[in-house]
Amino acid sequence: MKVRSKRSLFLAIVALAAIFCFIQTSTFKFLFLQERNVMLAGTWEDDPKNWSRAFDEAVPAPVKIIHSKYWKSNHFTEEHAYYFEVQATPEWRDAFLKRSQVQPIAATNAWSFRESFHSDLNPNWFAPDAAGNYEVWDHIGYHGSIWINKTNGHIFFYDIQV
């Protein structure tokens with residue numbers, strides 16, 4: 001075998017080894033992340049950790065959680081849904097609405113959306129009154145909405161990413 005052929009063969013073997021190591025590392029990372037997602041998957045109702053699952057922060061002082069539900073899939077991509085019913089100060093509510101970049105919409109529009117998109121996840125306590133009893137806030141591209149009870153001021157909100 002000529003020197004040039006031996007050198008080409010050696011470089012090919014090194015390249016294949018490098019590709020194998022890269023694929024093996026990526027496969028290991030993928031399997032590790034998949035195992036982690038399976039361990040973190042589940043559904044939690046009225047669990048004190050739901051707020052931190054949804055927002056990665058402690059519950060703000062002006063917020064009192066009445067009900068919550070958090071669902072996370074075991075898929076390797078981020079898939080979750082959460083629902084909250086809270087009491088909060090008007091200042092917190094207004095800041096939340098501003099931060100969410102939502103606008104008031106007709107409750108009937110949001111209601112039909114809520115009923116048709118993954119309605120199997122909706123908890124019974126979520127905005128249980130007639131749609132007309134709520135101020136509804138939403139925006140295009142947002143996979144949830146914010147419902148404010150006109151009588152008691154309770155804030156219902158959800159988001160879903162699938």
# chains A, B, ... in the order shown; residues from 1 in each chain; ligands from 1
call {"tool": "select_by_dssp", "arguments": {"residues": "range 36-155 of chain A", "states": "strand (DSSP E)", "output": "VMD selection string"}}
result
chain A and resid 42 to 45 63 to 72 80 to 88 103 to 105 134 to 138 146 to 149 155
call {"tool": "closest_atom_pairs", "arguments": {"of": "range 72-154 of chain A", "to": "range 41-64 of chain A", "cutoff": "12 Å", "atoms": "only C-alpha atoms", "output": "CSV"}}
result
residue,atom,partner,partner_atom,distance
A:Lys72,CA,A:Ala41,CA,4.9
A:Ser73,CA,A:Ala41,CA,5.1
A:Asn74,CA,A:Ala41,CA,5.0
A:His75,CA,A:Ala41,CA,8.4
A:Phe76,CA,A:Ala41,CA,10.4
A:Thr77,CA,A:Ala41,CA,11.6
A:Glu78,CA,A:Ala41,CA,10.4
A:Glu79,CA,A:Ala41,CA,9.5
A:His80,CA,A:Ala54,CA,8.7
A:Ala81,CA,A:Ala54,CA,8.4
A:Tyr82,CA,A:Ala54,CA,6.8
A:Tyr83,CA,A:Asn50,CA,9.2
A:Phe84,CA,A:Trp51,CA,8.6
A:Glu85,CA,A:Lys64,CA,8.8
A:Val86,CA,A:Lys64,CA,5.5
A:Gln87,CA,A:Lys64,CA,5.2
A:Ala88,CA,A:Val63,CA,4.5
A:Thr89,CA,A:Pro62,CA,5.7
A:Pro90,CA,A:Pro62,CA,9.1
A:Glu91,CA,A:Pro62,CA,8.6
A:Trp92,CA,A:Pro62,CA,6.6
A:Arg93,CA,A:Val63,CA,9.0
A:Asp94,CA,A:Pro62,CA,12.0
A:Ala95,CA,A:Pro62,CA,11.5
A:Phe96,CA,A:Val63,CA,11.0
A:Leu121,CA,A:Thr43,CA,9.8
A:Asn122,CA,A:Glu45,CA,11.4
A:Pro123,CA,A:Glu45,CA,9.1
A:Asn124,CA,A:Glu45,CA,11.6
A:Trp125,CA,A:Glu45,CA,11.2
A:His154,CA,A:Lys64,CA,9.9
call {"tool": "write_last_selection", "arguments": {"atoms": "N, CA and C atoms", "output": "JSON list (two decimals), in the first residue's frame"}}
result
[["chain", "number", "residue", "atom", "x", "y", "z"],
["A", 72, "LYS", "N", -47.50, 18.36, 32.62],
["A", 72, "LYS", "CA", -46.29, 18.33, 31.81],
["A", 72, "LYS", "C", -46.19, 16.97, 31.17],
["A", 73, "SER", "N", -45.94, 16.97, 29.85],
["A", 73, "SER", "CA", -45.83, 15.70, 29.13],
["A", 73, "SER", "C", -44.45, 15.09, 29.37],
["A", 74, "ASN", "N", -44.32, 13.85, 28.95],
["A", 74, "ASN", "CA", -43.01, 13.18, 29.05],
["A", 74, "ASN", "C", -42.27, 13.25, 27.72],
["A", 75, "HIS", "N", -42.73, 14.09, 26.82],
["A", 75, "HIS", "CA", -42.09, 14.24, 25.52],
["A", 75, "HIS", "C", -40.78, 14.98, 25.66],
["A", 76, "PHE", "N", -39.85, 14.75, 24.74],
["A", 76, "PHE", "CA", -38.53, 15.39, 24.86],
["A", 76, "PHE", "C", -38.56, 16.88, 24.56],
["A", 77, "THR", "N", -39.62, 17.37, 23.93],
["A", 77, "THR", "CA", -39.77, 18.82, 23.77],
["A", 77, "THR", "C", -40.61, 19.34, 24.92],
["A", 78, "GLU", "N", -40.60, 20.64, 25.14],
["A", 78, "GLU", "CA", -41.34, 21.23, 26.25],
["A", 78, "GLU", "C", -42.83, 21.26, 25.90],
["A", 79, "GLU", "N", -43.62, 20.48, 26.61],
["A", 79, "GLU", "CA", -45.07, 20.46, 26.45],
["A", 79, "GLU", "C", -45.69, 20.54, 27.83],
["A", 80, "HIS", "N", -46.52, 21.58, 28.03],
["A", 80, "HIS", "CA", -47.14, 21.77, 29.34],
["A", 80, "HIS", "C", -48.45, 22.53, 29.19],
["A", 81, "ALA", "N", -49.23, 22.50, 30.23],
["A", 81, "ALA", "CA", -50.43, 23.32, 30.34],
["A", 81, "ALA", "C", -50.60, 23.66, 31.81],
["A", 82, "TYR", "N", -51.05, 24.87, 32.07],
["A", 82, "TYR", "CA", -51.37, 25.21, 33.46],
["A", 82, "TYR", "C", -52.62, 26.07, 33.53],
["A", 83, "TYR", "N", -53.30, 25.94, 34.67],
["A", 83, "TYR", "CA", -54.53, 26.66, 34.95],
["A", 83, "TYR", "C", -54.43, 27.19, 36.38],
["A", 84, "PHE", "N", -54.84, 28.43, 36.56],
["A", 84, "PHE", "CA", -54.83, 29.01, 37.90],
["A", 84, "PHE", "C", -56.11, 29.80, 38.14],
["A", 85, "GLU", "N", -56.56, 29.76, 39.38],
["A", 85, "GLU", "CA", -57.57, 30.70, 39.89],
["A", 85, "GLU", "C", -56.90, 31.38, 41.07],
["A", 86, "VAL", "N", -56.79, 32.71, 40.99],
["A", 86, "VAL", "CA", -56.11, 33.44, 42.05],
["A", 86, "VAL", "C", -56.92, 34.67, 42.46],
["A", 87, "GLN", "N", -56.64, 35.11, 43.67],
["A", 87, "GLN", "CA", -57.06, 36.42, 44.14],
["A", 87, "GLN", "C", -55.79, 37.25, 44.19],
["A", 88, "ALA", "N", -55.88, 38.49, 43.76],
["A", 88, "ALA", "CA", -54.68, 39.33, 43.75],
["A", 88, "ALA", "C", -55.08, 40.79, 43.89],
["A", 89, "THR", "N", -54.12, 41.59, 44.25],
["A", 89, "THR", "CA", -54.38, 43.03, 44.35],
["A", 89, "THR", "C", -54.61, 43.59, 42.95],
["A", 90, "PRO", "N", -55.35, 44.67, 42.84],
["A", 90, "PRO", "CA", -55.55, 45.31, 41.53],
["A", 90, "PRO", "C", -54.23, 45.71, 40.88],
["A", 91, "GLU", "N", -53.25, 46.12, 41.67],
["A", 91, "GLU", "CA", -51.95, 46.51, 41.13],
["A", 91, "GLU", "C", -51.25, 45.31, 40.47],
["A", 92, "TRP", "N", -51.27, 44.17, 41.15],
["A", 92, "TRP", "CA", -50.65, 42.99, 40.58],
["A", 92, "TRP", "C", -51.38, 42.56, 39.32],
["A", 93, "ARG", "N", -52.73, 42.55, 39.39],
["A", 93, "ARG", "CA", -53.54, 42.17, 38.22],
["A", 93, "ARG", "C", -53.20, 43.04, 37.01],
["A", 94, "ASP", "N", -53.16, 44.35, 37.21],
["A", 94, "ASP", "CA", -52.87, 45.27, 36.10],
["A", 94, "ASP", "C", -51.46, 45.03, 35.53],
["A", 95, "ALA", "N", -50.50, 44.81, 36.41],
["A", 95, "ALA", "CA", -49.13, 44.53, 35.95],
["A", 95, "ALA", "C", -49.08, 43.20, 35.19],
["A", 96, "PHE", "N", -49.82, 42.20, 35.66],
["A", 96, "PHE", "CA", -49.87, 40.90, 35.01],
["A", 96, "PHE", "C", -50.47, 41.02, 33.61],
["A", 121, "LEU", "N", -58.26, 18.93, 29.30],
["A", 121, "LEU", "CA", -57.40, 19.32, 30.41],
["A", 121, "LEU", "C", -58.08, 20.34, 31.34],
["A", 122, "ASN", "N", -59.13, 21.01, 30.86],
["A", 122, "ASN", "CA", -59.76, 22.07, 31.65],
["A", 122, "ASN", "C", -60.33, 21.52, 32.95],
["A", 123, "PRO", "N", -59.92, 22.09, 34.07],
["A", 123, "PRO", "CA", -60.51, 21.66, 35.35],
["A", 123, "PRO", "C", -61.93, 22.23, 35.50],
["A", 124, "ASN", "N", -62.75, 21.55, 36.26],
["A", 124, "ASN", "CA", -64.15, 21.98, 36.46],
["A", 124, "ASN", "C", -64.25, 23.35, 37.12],
["A", 125, "TRP", "N", -63.30, 23.72, 37.94],
["A", 125, "TRP", "CA", -63.36, 24.99, 38.66],
["A", 125, "TRP", "C", -62.92, 26.18, 37.80],
["A", 154, "HIS", "N", -61.88, 37.36, 41.03],
["A", 154, "HIS", "CA", -60.95, 36.23, 40.89],
["A", 154, "HIS", "C", -60.41, 36.22, 39.46]]
call {"tool": "closest_residue", "arguments": {"among": "A:Gln161, A:Pro128, A:Ile155, A:Asn109", "to": "Ile65 in chain A", "atoms": "only C-alpha atoms"}}
result
A:Ile155
call {"tool": "residues_around", "arguments": {"residues": "Leu97 in chain A", "least_positions_apart": "2", "cutoff": "12 Å", "atoms": "only C-alpha atoms", "output": "list in words"}}
result
Pro90, Glu91, Trp92, Arg93, Asp94, Ala95, Arg99, Ser100, Gln101, Val102, Gln103, Pro104, Glu135, Val136, Trp137, Asp138, His139, Ser145, Ile146, Trp147, Ile148, Ile155, Phe156 and Phe157 of chain A
call {"tool": "write_last_selection", "arguments": {"atoms": "N, CA and C atoms", "output": "PDB file, in the first residue's frame"}}
result
ATOM      1  N   PRO A  90     -55.354  44.675  42.840  1.00  0.00           N
ATOM      2  CA  PRO A  90     -55.553  45.307  41.533  1.00  0.00           C
ATOM      3  C   PRO A  90     -54.226  45.714  40.876  1.00  0.00           C
ATOM      4  N   GLU A  91     -53.250  46.118  41.671  1.00  0.00           N
ATOM      5  CA  GLU A  91     -51.950  46.513  41.125  1.00  0.00           C
ATOM      6  C   GLU A  91     -51.247  45.313  40.472  1.00  0.00           C
ATOM      7  N   TRP A  92     -51.269  44.173  41.150  1.00  0.00           N
ATOM      8  CA  TRP A  92     -50.646  42.986  40.581  1.00  0.00           C
ATOM      9  C   TRP A  92     -51.385  42.561  39.319  1.00  0.00           C
ATOM     10  N   ARG A  93     -52.726  42.552  39.386  1.00  0.00           N
ATOM     11  CA  ARG A  93     -53.539  42.166  38.221  1.00  0.00           C
ATOM     12  C   ARG A  93     -53.202  43.036  37.010  1.00  0.00           C
ATOM     13  N   ASP A  94     -53.157  44.353  37.209  1.00  0.00           N
ATOM     14  CA  ASP A  94     -52.873  45.267  36.096  1.00  0.00           C
ATOM     15  C   ASP A  94     -51.463  45.033  35.534  1.00  0.00           C
ATOM     16  N   ALA A  95     -50.503  44.806  36.408  1.00  0.00           N
ATOM     17  CA  ALA A  95     -49.131  44.533  35.949  1.00  0.00           C
ATOM     18  C   ALA A  95     -49.078  43.199  35.193  1.00  0.00           C
ATOM     19  N   ARG A  99     -47.879  42.779  31.408  1.00  0.00           N
ATOM     20  CA  ARG A  99     -46.760  41.887  31.108  1.00  0.00           C
ATOM     21  C   ARG A  99     -47.175  40.801  30.108  1.00  0.00           C
ATOM     22  N   SER A 100     -48.430  40.365  30.177  1.00  0.00           N
ATOM     23  CA  SER A 100     -48.932  39.324  29.280  1.00  0.00           C
ATOM     24  C   SER A 100     -49.255  39.870  27.893  1.00  0.00           C
ATOM     25  N   GLN A 101     -49.266  41.183  27.749  1.00  0.00           N
ATOM     26  CA  GLN A 101     -49.530  41.854  26.474  1.00  0.00           C
ATOM     27  C   GLN A 101     -50.857  41.404  25.863  1.00  0.00           C
ATOM     28  N   VAL A 102     -51.892  41.388  26.691  1.00  0.00           N
ATOM     29  CA  VAL A 102     -53.217  40.979  26.247  1.00  0.00           C
ATOM     30  C   VAL A 102     -54.127  42.194  26.114  1.00  0.00           C
ATOM     31  N   GLN A 103     -55.222  41.983  25.401  1.00  0.00           N
ATOM     32  CA  GLN A 103     -56.221  43.027  25.218  1.00  0.00           C
ATOM     33  C   GLN A 103     -57.589  42.435  25.497  1.00  0.00           C
ATOM     34  N   PRO A 104     -58.544  43.284  25.889  1.00  0.00           N
ATOM     35  CA  PRO A 104     -59.892  42.756  26.127  1.00  0.00           C
ATOM     36  C   PRO A 104     -60.512  42.235  24.828  1.00  0.00           C
ATOM     37  N   GLU A 135     -64.589  39.465  32.444  1.00  0.00           N
ATOM     38  CA  GLU A 135     -63.808  40.258  31.498  1.00  0.00           C
ATOM     39  C   GLU A 135     -62.778  39.272  30.959  1.00  0.00           C
ATOM     40  N   VAL A 136     -62.605  39.224  29.659  1.00  0.00           N
ATOM     41  CA  VAL A 136     -61.665  38.265  29.080  1.00  0.00           C
ATOM     42  C   VAL A 136     -60.579  39.022  28.336  1.00  0.00           C
ATOM     43  N   TRP A 137     -59.353  38.590  28.549  1.00  0.00           N
ATOM     44  CA  TRP A 137     -58.174  39.199  27.936  1.00  0.00           C
ATOM     45  C   TRP A 137     -57.429  38.130  27.161  1.00  0.00           C
ATOM     46  N   ASP A 138     -56.966  38.490  25.975  1.00  0.00           N
ATOM     47  CA  ASP A 138     -56.318  37.519  25.102  1.00  0.00           C
ATOM     48  C   ASP A 138     -55.511  38.275  24.056  1.00  0.00           C
ATOM     49  N   HIS A 139     -54.714  37.566  23.281  1.00  0.00           N
ATOM     50  CA  HIS A 139     -54.074  38.159  22.107  1.00  0.00           C
ATOM     51  C   HIS A 139     -53.757  37.074  21.094  1.00  0.00           C
ATOM     52  N   SER A 145     -55.850  32.308  27.851  1.00  0.00           N
ATOM     53  CA  SER A 145     -56.543  33.577  28.036  1.00  0.00           C
ATOM     54  C   SER A 145     -56.660  33.855  29.523  1.00  0.00           C
ATOM     55  N   ILE A 146     -57.046  35.075  29.830  1.00  0.00           N
ATOM     56  CA  ILE A 146     -57.174  35.513  31.214  1.00  0.00           C
ATOM     57  C   ILE A 146     -58.617  35.942  31.423  1.00  0.00           C
ATOM     58  N   TRP A 147     -59.247  35.377  32.433  1.00  0.00           N
ATOM     59  CA  TRP A 147     -60.654  35.623  32.722  1.00  0.00           C
ATOM     60  C   TRP A 147     -60.742  36.273  34.100  1.00  0.00           C
ATOM     61  N   ILE A 148     -61.385  37.399  34.194  1.00  0.00           N
ATOM     62  CA  ILE A 148     -61.540  38.084  35.481  1.00  0.00           C
ATOM     63  C   ILE A 148     -63.020  38.111  35.818  1.00  0.00           C
ATOM     64  N   ILE A 155     -59.125  35.912  39.344  1.00  0.00           N
ATOM     65  CA  ILE A 155     -58.462  35.866  38.053  1.00  0.00           C
ATOM     66  C   ILE A 155     -58.212  34.410  37.683  1.00  0.00           C
ATOM     67  N   PHE A 156     -58.707  34.025  36.532  1.00  0.00           N
ATOM     68  CA  PHE A 156     -58.496  32.687  35.997  1.00  0.00           C
ATOM     69  C   PHE A 156     -57.603  32.830  34.775  1.00  0.00           C
ATOM     70  N   PHE A 157     -56.537  32.063  34.727  1.00  0.00           N
ATOM     71  CA  PHE A 157     -55.700  32.118  33.537  1.00  0.00           C
ATOM     72  C   PHE A 157     -55.072  30.772  33.261  1.00  0.00           C
TER      73      PHE A 157
END
